[in-house]
Structures are given as C-alpha cells and as structure tokens.
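S.K.: Let me give you the structure first, and then I'll get to my questions.
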Amino acid sequence: MKFSINQSSLSEALSVVYKGISTRSTLPILSGISIEASDDCLILQTTDLQISIQYTVDALIEEKGAVVVPGKLFFEIIRNLPDAAVSIEKEDESIFITCEASSFSIKTFNKEDFPGFPAVSTNQSIEIPFDIFSSMVKKVGKVVSKDESRAILTGILITMEEKHLKMVATDSYRLAITEADIEQGSGSSFEAVIIGSFLQDIASLPKTKEPVSIALAENQIVIQYQETVFINRRLEGNFPNYRQLLPDGYSTRVELDVGQLQAAVKRISLLNITATPIRFDINKETQTTQLSGVEQDIGKAQETLSCELDGEDTEIAFNYSYILDGLSVVTSDRIFLEIQNSMKPGIFKTSGDENFLYLIMPVRIS
C-alpha cells in the first residue's frame with residue numbers, strides 16, 4: 001500500500017474517526033484505525049463495538065492496500081506534521097510516514113483482526129439541514145443526563161411530524177425543548193432516542209450545506225453527513241412523559257434582557273455559590289427582578305434588573321449553573337421567565353423566531 005495526501009485533509013479525517021476508537025477495551029485492535037487505499041480515495045474506519053465511524057477522503061493512490069495503525073500514535077504524528085503532502089507506505093508489518101523533513105516508522109496491527117464495518121438495514125429515515133441540526137442539538141445537549149443507571153436520560157428524543165422537527169432532553173432536574181420547521185428536509189414521521197454525546201460530536205463537525213441523514217434500524221442508529229457514516233446503538237426504553245411537566249399557564253411572566261441576566265448570574269456566582277441557589281424576587285410595582293445569593297461564611301451579593309412583568313409579585317430560586325447552561329445557548333436578545341409559584345418549575349422561553357423552552361426545577365427558599 002502506498003499513497004499521498006495533504007496533511008490537513010488527513011488530520012481532519014482522523015479527528016472525526018478518532019472518536020470511535022476504544023480506550024478501555026482489552027482488545028488492542030479496537031484502539032486502531034483501519035485505513036484502506038482504494039481507487040482514488042482512502043476509507044478510514046474505527047469501532048469500539050458500540051459506535052462505528054467510516055470516513056472517505058480523496059488521496060493520490062499509488063498502490064492499493066489496507067492496514068490498521070495504532071490510533072492515538074498515528075493521529076498525534078499526523079496532526080503535528082507541517083501542512084504539506086504526506087506520503088505513507090506499508091512494508092511488511094510497519095508503515096513509513098514522510099512529510100518534508102520528517103519521517104516515522106511505526107508498527108501496525110493485523111488487519112484480519114479488525115472487525116468489519118457493520119452492514120445495517122434501515123427502515124425509517126429523515127434528512128435535516130446541518131445548520132438546523134447542529135443548532136438544535138447544542139440547545140438541548142447540556143441537559144442530557146450523565147447518569148448511566150438511567151440510560152434513556154442520556155439520550156435526546158428526536159421526533160418529526162409533517163416536517164416539524166422537535167428535540168427534547170431531560171436529566172429529571174431540568175428539561176429543554178427546541179423545535180423547527182424543516183422546509184427542505186424529509187417529511188417522514190420519525191421518533192428515536194439517540195445518545196446525546198454521540199449527537200453532540202456530530203453537531204460539532206464543520207458546517208456545510210449538505211444535510212444530515214438519520215436512519216433507524218431495529219436496534220441501531222445510522223447517521224450520514226458528507227462522506228462520513230456513523231453507526232451507534234439505539235437507546236431502548238420509554239422516554240419520560242415530559243408534556244405533563246408543562247403547565248397550562250402562569251401567575252407571573254417576566255421579560256428580561258438575556259445578556260444582562262447572564263452577566264448578573266455570573267457575578268453573583270463569584271461568591272463560590274455551590275449548594276446555595278440564586279434567588280429571584282420579582283416586584284410588579286417597581287417592574288424589577290432582584291437576584292441575590294448568600295454563601296455562609298463568605299458573604300452575599302445582589303443585583304437588580306429592570307423587567308417587564310405580567311402578573312403577581314413572586315419569588316423563586318434556581319441552581320445558578322442550570323440558569324447559565326440554558327442562557328448560554330440562547331441567541332435571542334430577550335427571554336421570558338414564567339412562574340406558577342416558588343415550588344413549581346420555572347420556565348424560560350425565547351422570544352421571536354427562536355423556538356426554545358428551558359424548564360428548571362426550583363430550589364426550596366429557606
């Protein structure tokens with residue numbers, strides 16, 4: 001096997017497939033990257049037996065062949081080379097890498113030991129413009145649970161009905177919902193719960209005008225974007241009935257400036273507030289929202305924001321990091337906070353065209 005490729009192209013390809021290598025398996029072959037030189041392209045593959053990634057990239061192929069290289073070492077070598085042509089040649093059980101004045105020789109794995117890329121038969125699929133897909137995943141991604149004991153909460157619920165797309169995530173303390181109408185996407189009905197970290201990896205890829213295709217098999221998810229195919233297991237189980245958490249109305253609705261609110265919460269959190277929440281005191285007469293926090297043995301902080309209020313005076317408290325997580329993904333200038341009372345969830349909603357709802361369970365006010 002012998003081929004040449006630009007360093008930046010190979011480095012970009014490796015950065016994608018590298019997410020599929022295993023770092024904890026007792027099988028060393030799963031820490032490798034399979035490289036196949038075929039016709040005028042390279043096919044790179046990785047797998048940890050749960051997630052599999054395949055990336056196709058153009059290259060100058062002088063001699064066809066296949067090899068499995070140590071993933072971490074190969075990736076580190078390539079990304080630290082200068083941005084120039086990289087020549088790679090396989091001889092016996094080693095590959096030789098040359099780029100300008102640099103050269104390396106590294107041992108390879110037995111190609112026969114590498115698992116074949118899964119052949120999956122899908123029965124349901126949708127297409128989503130990548131910019132919409134990426135934005136929606138990032139809006140709900142921070143709410144995904146990291147608790148593996150409730151696996152279904154580590155996923156994002158994706159549904160589509162008549163070109164109306166919705167993504168939902170919850171960790172049982174908060175809930176995020178984002179929606180969009182997909183004019184040019186597939187109009188097929190679709191519902192699946194997909195691992196949140198897996199979707200976030202794909203959402204962080206460089207944006208192009210090409211759509212993301214999401215397809216379902218019996219127990220697997222197949223996602224295709226540009227020349228990359230991602231396969232992962234489908235989360236089984238019933239996603240929580242989040243609709244029952246959404247109230248029909250509110251007793252108080254406050255409209256706030258997103259930037260001012262975010263800055264105020266950050267300043268109050270400088271007190272090293274951990275278990276102590278940030279309290280919202282909302283006053284109709286003065287049309288203000290006072291934020292405050294107290295940390296025992298350290299001190300207290302408060303800040304008053306002007307607001308537009310509809311409803312009654314009220315008070316409620318939230319975990320400050322939850323507030324910042326929600327505000328960090330908002331692109332609108334204004335946001336609404338809807339409250340029933342201090343013991344029921346508070347709901348942040350965006351204004352304008354941005355369709356985003358963020359529910360937070362309150363903290364008891366002492």
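Naming scheme: A, B, ... for chains in displayed order of the structure tokens; residues 1 onward per chain; ligands 1 onward as shown.
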Counting only C-alpha atoms, what is within 6 Å of region 334-340 of chain A, bar same-chain residues fewer than 3 positions away, as JSON, numbers by chain?
M.R.: {"A": [250, 251, 252, 253, 254, 255, 256, 257, 258, 346, 347, 348, 349, 350, 351]}
S.K.: With all heavy atoms kept, could you save the residues just selected as a CSV table (one decimal), in the first residue's frame?
M.R.:
chain,number,residue,atom,x,y,z
A,250,TYR,N,-49.5,30.5,33.8
A,250,TYR,CA,-48.6,31.0,34.8
A,250,TYR,C,-49.3,32.1,35.6
A,250,TYR,O,-50.3,32.7,35.2
A,250,TYR,CB,-47.3,31.6,34.1
A,250,TYR,CG,-47.7,32.7,33.0
A,250,TYR,CD1,-47.9,34.0,33.4
A,250,TYR,CD2,-47.8,32.4,31.7
A,250,TYR,CE1,-48.2,35.0,32.5
A,250,TYR,CE2,-48.1,33.3,30.7
A,250,TYR,CZ,-48.3,34.6,31.1
A,250,TYR,OH,-48.7,35.6,30.2
A,251,SER,N,-48.7,32.4,36.8
A,251,SER,CA,-49.2,33.5,37.6
A,251,SER,C,-48.4,34.8,37.4
A,251,SER,O,-48.8,35.9,37.6
A,251,SER,CB,-49.2,33.1,39.1
A,251,SER,OG,-47.9,32.8,39.5
A,252,THR,N,-47.1,34.5,37.0
A,252,THR,CA,-46.2,35.7,36.8
A,252,THR,C,-45.3,35.4,35.5
A,252,THR,O,-44.8,34.3,35.3
A,252,THR,CB,-45.2,35.8,38.0
A,252,THR,OG1,-46.0,36.0,39.1
A,252,THR,CG2,-44.3,37.0,37.8
A,253,ARG,N,-45.2,36.4,34.7
A,253,ARG,CA,-44.4,36.3,33.5
A,253,ARG,C,-43.5,37.5,33.4
A,253,ARG,O,-44.0,38.7,33.4
A,253,ARG,CB,-45.2,36.2,32.2
A,253,ARG,CG,-44.4,35.8,31.0
A,253,ARG,CD,-45.3,35.9,29.8
A,253,ARG,NE,-44.8,35.0,28.7
A,253,ARG,CZ,-44.9,35.3,27.4
A,253,ARG,NH1,-45.5,36.5,27.0
A,253,ARG,NH2,-44.4,34.5,26.5
A,254,VAL,N,-42.2,37.3,33.4
A,254,VAL,CA,-41.2,38.4,33.4
A,254,VAL,C,-40.4,38.3,32.1
A,254,VAL,O,-40.0,37.3,31.6
A,254,VAL,CB,-40.2,38.2,34.5
A,254,VAL,CG1,-39.3,39.4,34.6
A,254,VAL,CG2,-41.0,38.1,35.8
A,255,GLU,N,-40.3,39.5,31.4
A,255,GLU,CA,-39.4,39.6,30.2
A,255,GLU,C,-38.1,40.3,30.6
A,255,GLU,O,-38.1,41.4,31.2
A,255,GLU,CB,-40.1,40.3,29.1
A,255,GLU,CG,-39.3,40.4,27.8
A,255,GLU,CD,-40.0,41.1,26.7
A,255,GLU,OE1,-41.1,41.6,26.9
A,255,GLU,OE2,-39.4,41.2,25.6
A,256,LEU,N,-37.0,39.6,30.3
A,256,LEU,CA,-35.7,40.1,30.7
A,256,LEU,C,-34.7,40.2,29.5
A,256,LEU,O,-34.9,39.4,28.5
A,256,LEU,CB,-35.1,39.2,31.8
A,256,LEU,CG,-35.8,39.1,33.1
A,256,LEU,CD1,-35.5,37.8,33.9
A,256,LEU,CD2,-35.4,40.3,34.0
A,257,ASP,N,-33.7,41.0,29.7
A,257,ASP,CA,-32.6,41.0,28.7
A,257,ASP,C,-31.7,39.9,28.9
A,257,ASP,O,-31.2,39.7,30.0
A,257,ASP,CB,-31.9,42.4,28.8
A,257,ASP,CG,-30.8,42.5,27.7
A,257,ASP,OD1,-29.6,42.0,28.0
A,257,ASP,OD2,-31.0,43.0,26.7
A,258,VAL,N,-31.4,39.0,27.9
A,258,VAL,CA,-30.6,37.8,28.1
A,258,VAL,C,-29.2,38.2,28.6
A,258,VAL,O,-28.7,37.6,29.5
A,258,VAL,CB,-30.6,37.0,26.8
A,258,VAL,CG1,-29.6,35.9,26.9
A,258,VAL,CG2,-31.9,36.5,26.4
A,346,GLY,N,-39.8,26.6,37.1
A,346,GLY,CA,-39.8,27.9,36.3
A,346,GLY,C,-39.5,27.6,34.8
A,346,GLY,O,-38.7,26.6,34.6
A,347,ILE,N,-40.1,28.3,33.9
A,347,ILE,CA,-39.9,28.0,32.5
A,347,ILE,C,-39.3,29.3,31.8
A,347,ILE,O,-39.9,30.3,31.8
A,347,ILE,CB,-41.2,27.6,31.9
A,347,ILE,CG1,-41.7,26.3,32.5
A,347,ILE,CG2,-41.0,27.4,30.3
A,347,ILE,CD1,-43.0,25.8,31.9
A,348,PHE,N,-38.1,29.1,31.2
A,348,PHE,CA,-37.6,30.2,30.4
A,348,PHE,C,-38.0,29.9,28.9
A,348,PHE,O,-37.8,28.8,28.4
A,348,PHE,CB,-36.0,30.2,30.5
A,348,PHE,CG,-35.5,30.6,31.8
A,348,PHE,CD1,-35.3,29.7,32.9
A,348,PHE,CD2,-35.3,32.0,32.1
A,348,PHE,CE1,-34.8,30.2,34.1
A,348,PHE,CE2,-34.8,32.4,33.3
A,348,PHE,CZ,-34.6,31.5,34.3
A,349,LYS,N,-38.5,30.9,28.2
A,349,LYS,CA,-38.9,30.8,26.8
A,349,LYS,C,-38.2,31.9,26.1
A,349,LYS,O,-38.2,33.1,26.5
A,349,LYS,CB,-40.4,30.9,26.7
A,349,LYS,CG,-41.1,29.6,27.2
A,349,LYS,CD,-42.6,29.8,27.0
A,349,LYS,CE,-43.4,28.6,27.4
A,349,LYS,NZ,-44.9,28.8,27.2
A,350,THR,N,-37.8,31.6,24.8
A,350,THR,CA,-37.2,32.6,24.0
A,350,THR,C,-38.3,33.4,23.3
A,350,THR,O,-39.4,32.9,23.1
A,350,THR,CB,-36.2,32.0,23.0
A,350,THR,OG1,-36.9,31.0,22.3
A,350,THR,CG2,-35.0,31.5,23.7
A,351,SER,N,-38.0,34.6,22.8
A,351,SER,CA,-38.9,35.4,22.1
A,351,SER,C,-38.5,35.3,20.6
A,351,SER,O,-37.5,34.8,20.2
A,351,SER,CB,-38.9,36.9,22.6
A,351,SER,OG,-37.6,37.4,22.5
S.K.: I need the residue nearest Arg174 (chain A) from this list: A:Ser306, A:Asn110, A:Ser145, A:Ser135. Use only C-alpha atoms for the distance.
M.R.: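 Looking at the shortest contact to Arg174 (chain A), the residue is A:Ser145.
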S.K.: List the neighbours of Leu261 (chain A) out to 12 Å using only C-alpha atoms; skip same-chain residues closer than 6 positions along the sequence, and give me the result as number ranges by chain.
M.R.: A: 254-255, 267-268, 278, 280, 288-291, 303-307, 320, 323-324, 326-328, 330, 333-337, 348
S.K.: Do you know which residues are at most 7 Å from Ile43 (chain A) counting only C-alpha atoms, after dropping those on the same chain fewer than 6 positions away, and could you put them as a PyMOL selection string?
M.R.: chain A and resi 35-37+54-57
S.K.: Would you save the residues of that selection, restricted to N, CA, C and O atoms, as a short mmCIF file (atom, residue, chain, number, x, y, z; two decimals), in the first residue's frame?
M.R.:
data_model
loop_
_atom_site.label_atom_id
_atom_site.label_comp_id
_atom_site.auth_asym_id
_atom_site.auth_seq_id
_atom_site.Cartn_x
_atom_site.Cartn_y
_atom_site.Cartn_z
N ILE A 35 -7.19 1.74 7.70
CA ILE A 35 -7.02 2.60 6.53
C ILE A 35 -6.98 1.71 5.29
O ILE A 35 -6.14 0.80 5.19
N GLU A 36 -7.91 1.96 4.38
CA GLU A 36 -7.95 1.21 3.13
C GLU A 36 -7.74 2.17 1.96
O GLU A 36 -8.48 3.15 1.82
N ALA A 37 -6.72 1.89 1.16
CA ALA A 37 -6.45 2.69 -0.04
C ALA A 37 -7.15 2.01 -1.22
O ALA A 37 -6.81 0.89 -1.59
N GLN A 54 -17.03 5.66 9.77
CA GLN A 54 -16.34 5.47 8.49
C GLN A 54 -16.26 6.81 7.77
O GLN A 54 -17.26 7.51 7.62
N TYR A 55 -15.04 7.17 7.35
CA TYR A 55 -14.81 8.47 6.69
C TYR A 55 -14.07 8.22 5.38
O TYR A 55 -13.08 7.51 5.36
N THR A 56 -14.55 8.83 4.31
CA THR A 56 -13.92 8.69 2.99
C THR A 56 -13.30 10.02 2.59
O THR A 56 -13.95 11.06 2.67
N VAL A 57 -12.03 9.98 2.16
CA VAL A 57 -11.33 11.21 1.80
C VAL A 57 -10.50 10.97 0.54
O VAL A 57 -9.92 9.89 0.36
#
S.K.: Can you list every residue in region 85-273 of chain A that DSSP puts in helix (DSSP H, G or I), as an MDAnalysis selection string?
M.R.: chainID A and resid 111:113 130:141 148:154 196:203 242:245 258:271
S.K.: I want to know what sits within 9 Å of region 4-10 of chain A, based on only C-alpha atoms, with residues of the same chain fewer than 4 positions away left out; could you give that as a list in words?
M.R.: Leu14, Ser15, Val57, Asp58, Ala59, Leu60, Ile61, Glu62, Ile78, Arg79, Leu81, Pro82, Asp83, Ala84, Ala85, Val86, Ser87, Ile88, Glu89 and Cys99 of chain A
S.K.: Using only C-alpha atoms, which protein or nucleic acid residues come within 7 Å of Gln224 (chain A)? Drop anything in the same chain fewer than 6 positions from it, and give the result as an MDAnalysis selection string.
M.R.: chainID A and resid 212:214 230
S.K.: Record the distance separating CA of Leu309 (chain A) and CA of Asn283 (chain A), expressed in Å with one decimal.
M.R.: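 Value for the CA of Leu309 (chain A)-CA of Asn283 (chain A) distance: 8.0 Å.
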S.K.: Within 12 Å of Thr154 (chain A), counting only C-alpha atoms, which residues qualify if same-chain residues fewer than 6 places away don't, as a PyMOL selection string?
M.R.: chain A and resi 140-148+168-172+193-200+234-237+239-240
S.K.: How many Å lie between CA of Gly352 (chain A) and CA of Ala192 (chain A), rounded to one decimal?
M.R.: 28.2 Å
S.K.: Would you mind writing down, as a compact mmCIF listing (two decimals) with N, CA and C atoms, in the first residue's frame, each residue of region 75-215 of chain A that DSSP on the backbone assigns to strand (DSSP E or B)?
M.R.:
# COMPACT_ATOMS: atom_id res chain seq x y z
N ALA A 85 2.34 17.80 1.77
CA ALA A 85 2.00 16.45 1.32
C ALA A 85 2.61 15.41 2.26
N VAL A 86 1.79 14.43 2.63
CA VAL A 86 2.23 13.32 3.48
C VAL A 86 2.24 12.06 2.62
N SER A 87 3.35 11.35 2.65
CA SER A 87 3.45 10.09 1.92
C SER A 87 3.48 8.94 2.92
N ILE A 88 2.65 7.94 2.68
CA ILE A 88 2.57 6.79 3.59
C ILE A 88 2.70 5.51 2.77
N GLU A 89 3.58 4.64 3.22
CA GLU A 89 3.83 3.38 2.52
C GLU A 89 3.89 2.24 3.53
N LYS A 90 3.26 1.13 3.21
CA LYS A 90 3.27 -0.05 4.08
C LYS A 90 4.29 -1.06 3.55
N GLU A 91 5.11 -1.54 4.47
CA GLU A 91 6.05 -2.61 4.15
C GLU A 91 6.04 -3.61 5.30
N SER A 94 4.96 -2.78 9.13
CA SER A 94 5.17 -1.38 9.52
C SER A 94 4.68 -0.45 8.42
N ILE A 95 4.44 0.80 8.80
CA ILE A 95 4.19 1.84 7.79
C ILE A 95 5.24 2.93 7.96
N PHE A 96 5.58 3.55 6.84
CA PHE A 96 6.58 4.61 6.82
C PHE A 96 5.87 5.91 6.43
N ILE A 97 6.03 6.93 7.27
CA ILE A 97 5.37 8.22 7.09
C ILE A 97 6.45 9.26 6.81
N THR A 98 6.31 9.98 5.71
CA THR A 98 7.25 11.06 5.42
C THR A 98 6.50 12.32 5.04
N CYS A 99 7.01 13.45 5.52
CA CYS A 99 6.43 14.76 5.21
C CYS A 99 7.54 15.80 5.34
N SER A 102 10.43 15.40 7.89
CA SER A 102 10.05 14.46 8.96
C SER A 102 9.80 13.08 8.41
N SER A 103 10.18 12.07 9.18
CA SER A 103 9.88 10.68 8.79
C SER A 103 9.68 9.84 10.05
N PHE A 104 8.75 8.90 9.95
CA PHE A 104 8.43 8.00 11.06
C PHE A 104 8.24 6.59 10.51
N SER A 105 8.52 5.63 11.36
CA SER A 105 8.21 4.23 11.08
C SER A 105 7.48 3.67 12.30
N ILE A 106 6.26 3.15 12.11
CA ILE A 106 5.53 2.60 13.25
C ILE A 106 4.97 1.22 12.91
N LYS A 107 4.89 0.38 13.94
CA LYS A 107 4.37 -0.97 13.78
C LYS A 107 2.85 -0.92 13.59
N PHE A 109 -1.09 -3.19 13.31
CA PHE A 109 -1.84 -4.35 13.79
C PHE A 109 -2.14 -5.29 12.62
N GLN A 124 -36.39 3.47 8.38
CA GLN A 124 -37.02 4.77 8.60
C GLN A 124 -35.93 5.82 8.61
N SER A 125 -36.12 6.94 7.93
CA SER A 125 -35.05 7.94 7.89
C SER A 125 -35.62 9.33 7.67
N ILE A 126 -34.82 10.34 8.08
CA ILE A 126 -35.16 11.74 7.83
C ILE A 126 -33.88 12.47 7.42
N GLU A 127 -34.04 13.61 6.76
CA GLU A 127 -32.92 14.48 6.43
C GLU A 127 -33.15 15.85 7.05
N ILE A 128 -32.08 16.42 7.63
CA ILE A 128 -32.17 17.71 8.31
C ILE A 128 -31.02 18.58 7.82
N PRO A 129 -31.27 19.83 7.42
CA PRO A 129 -30.15 20.73 7.10
C PRO A 129 -29.18 20.79 8.27
N GLY A 155 -29.99 10.27 26.51
CA GLY A 155 -30.31 10.47 25.10
C GLY A 155 -31.12 11.72 24.83
N ILE A 156 -31.21 12.06 23.56
CA ILE A 156 -32.05 13.15 23.07
C ILE A 156 -33.19 12.53 22.26
N LEU A 157 -34.41 12.89 22.61
CA LEU A 157 -35.58 12.43 21.85
C LEU A 157 -35.73 13.31 20.62
N ILE A 158 -35.71 12.67 19.46
CA ILE A 158 -35.91 13.38 18.19
C ILE A 158 -37.20 12.88 17.55
N THR A 159 -38.10 13.80 17.25
CA THR A 159 -39.34 13.43 16.57
C THR A 159 -39.55 14.37 15.39
N MET A 160 -40.18 13.83 14.36
CA MET A 160 -40.58 14.67 13.22
C MET A 160 -41.97 14.25 12.77
N GLU A 161 -42.84 15.23 12.63
CA GLU A 161 -44.19 15.03 12.12
C GLU A 161 -44.47 16.10 11.08
N HIS A 164 -42.20 19.01 10.88
CA HIS A 164 -42.00 19.74 12.14
C HIS A 164 -41.08 18.91 13.02
N LEU A 165 -39.88 19.43 13.26
CA LEU A 165 -38.85 18.71 13.99
C LEU A 165 -38.79 19.19 15.44
N LYS A 166 -38.64 18.24 16.36
CA LYS A 166 -38.54 18.57 17.79
C LYS A 166 -37.44 17.74 18.41
N MET A 167 -36.63 18.37 19.27
CA MET A 167 -35.63 17.67 20.07
C MET A 167 -35.87 17.98 21.54
N VAL A 168 -35.79 16.93 22.37
CA VAL A 168 -36.10 17.06 23.81
C VAL A 168 -35.03 16.33 24.60
N ALA A 169 -34.59 16.95 25.71
CA ALA A 169 -33.66 16.28 26.62
C ALA A 169 -34.02 16.65 28.05
N THR A 170 -33.77 15.73 28.99
CA THR A 170 -34.01 16.00 30.40
C THR A 170 -33.08 15.16 31.26
N ARG A 174 -34.12 19.31 35.00
CA ARG A 174 -34.43 20.35 34.02
C ARG A 174 -34.81 19.68 32.71
N LEU A 175 -35.41 20.47 31.85
CA LEU A 175 -35.94 19.97 30.59
C LEU A 175 -35.70 21.02 29.52
N ALA A 176 -35.22 20.59 28.36
CA ALA A 176 -35.01 21.51 27.24
C ALA A 176 -35.76 21.00 26.02
N ILE A 177 -36.45 21.90 25.35
CA ILE A 177 -37.20 21.55 24.13
C ILE A 177 -36.90 22.60 23.07
N THR A 178 -36.55 22.16 21.88
CA THR A 178 -36.37 23.08 20.76
C THR A 178 -37.10 22.50 19.55
N GLU A 179 -37.68 23.40 18.75
CA GLU A 179 -38.49 22.97 17.61
C GLU A 179 -38.15 23.81 16.38
N ALA A 180 -38.38 23.21 15.21
CA ALA A 180 -38.14 23.93 13.95
C ALA A 180 -38.95 23.28 12.85
N ASP A 181 -39.34 24.09 11.88
CA ASP A 181 -40.00 23.57 10.68
C ASP A 181 -38.93 23.38 9.61
N PHE A 190 -41.07 10.30 12.27
CA PHE A 190 -39.83 9.75 12.83
C PHE A 190 -39.83 9.94 14.33
N GLU A 191 -39.33 8.94 15.07
CA GLU A 191 -39.15 9.08 16.51
C GLU A 191 -38.05 8.14 16.97
N ALA A 192 -37.08 8.67 17.71
CA ALA A 192 -35.99 7.85 18.25
C ALA A 192 -35.31 8.61 19.38
N VAL A 193 -34.75 7.84 20.32
CA VAL A 193 -33.92 8.42 21.38
C VAL A 193 -32.48 8.04 21.07
N ILE A 194 -31.63 9.04 20.87
CA ILE A 194 -30.25 8.83 20.41
C ILE A 194 -29.30 9.40 21.46
N ILE A 195 -28.22 8.66 21.73
CA ILE A 195 -27.25 9.07 22.75
C ILE A 195 -26.81 10.52 22.52
N PRO A 211 -27.10 18.05 4.00
CA PRO A 211 -27.95 17.67 5.14
C PRO A 211 -27.37 16.50 5.93
N VAL A 212 -27.91 16.32 7.11
CA VAL A 212 -27.62 15.15 7.93
C VAL A 212 -28.75 14.16 7.72
N SER A 213 -28.41 12.92 7.44
CA SER A 213 -29.40 11.85 7.29
C SER A 213 -29.36 10.97 8.55
N ILE A 214 -30.52 10.78 9.17
CA ILE A 214 -30.64 9.92 10.35
C ILE A 214 -31.58 8.78 10.01
N ALA A 215 -31.09 7.56 10.11
CA ALA A 215 -31.88 6.39 9.76
C ALA A 215 -31.92 5.41 10.93
S.K.: Counting only C-alpha atoms, which of A:Glu162, A:Glu295, A:Glu285, A:Asp325 gets nearest to Glu312 (chain A)?
M.R.: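 For Glu312 (chain A), the nearest of the candidates is A:Glu285.
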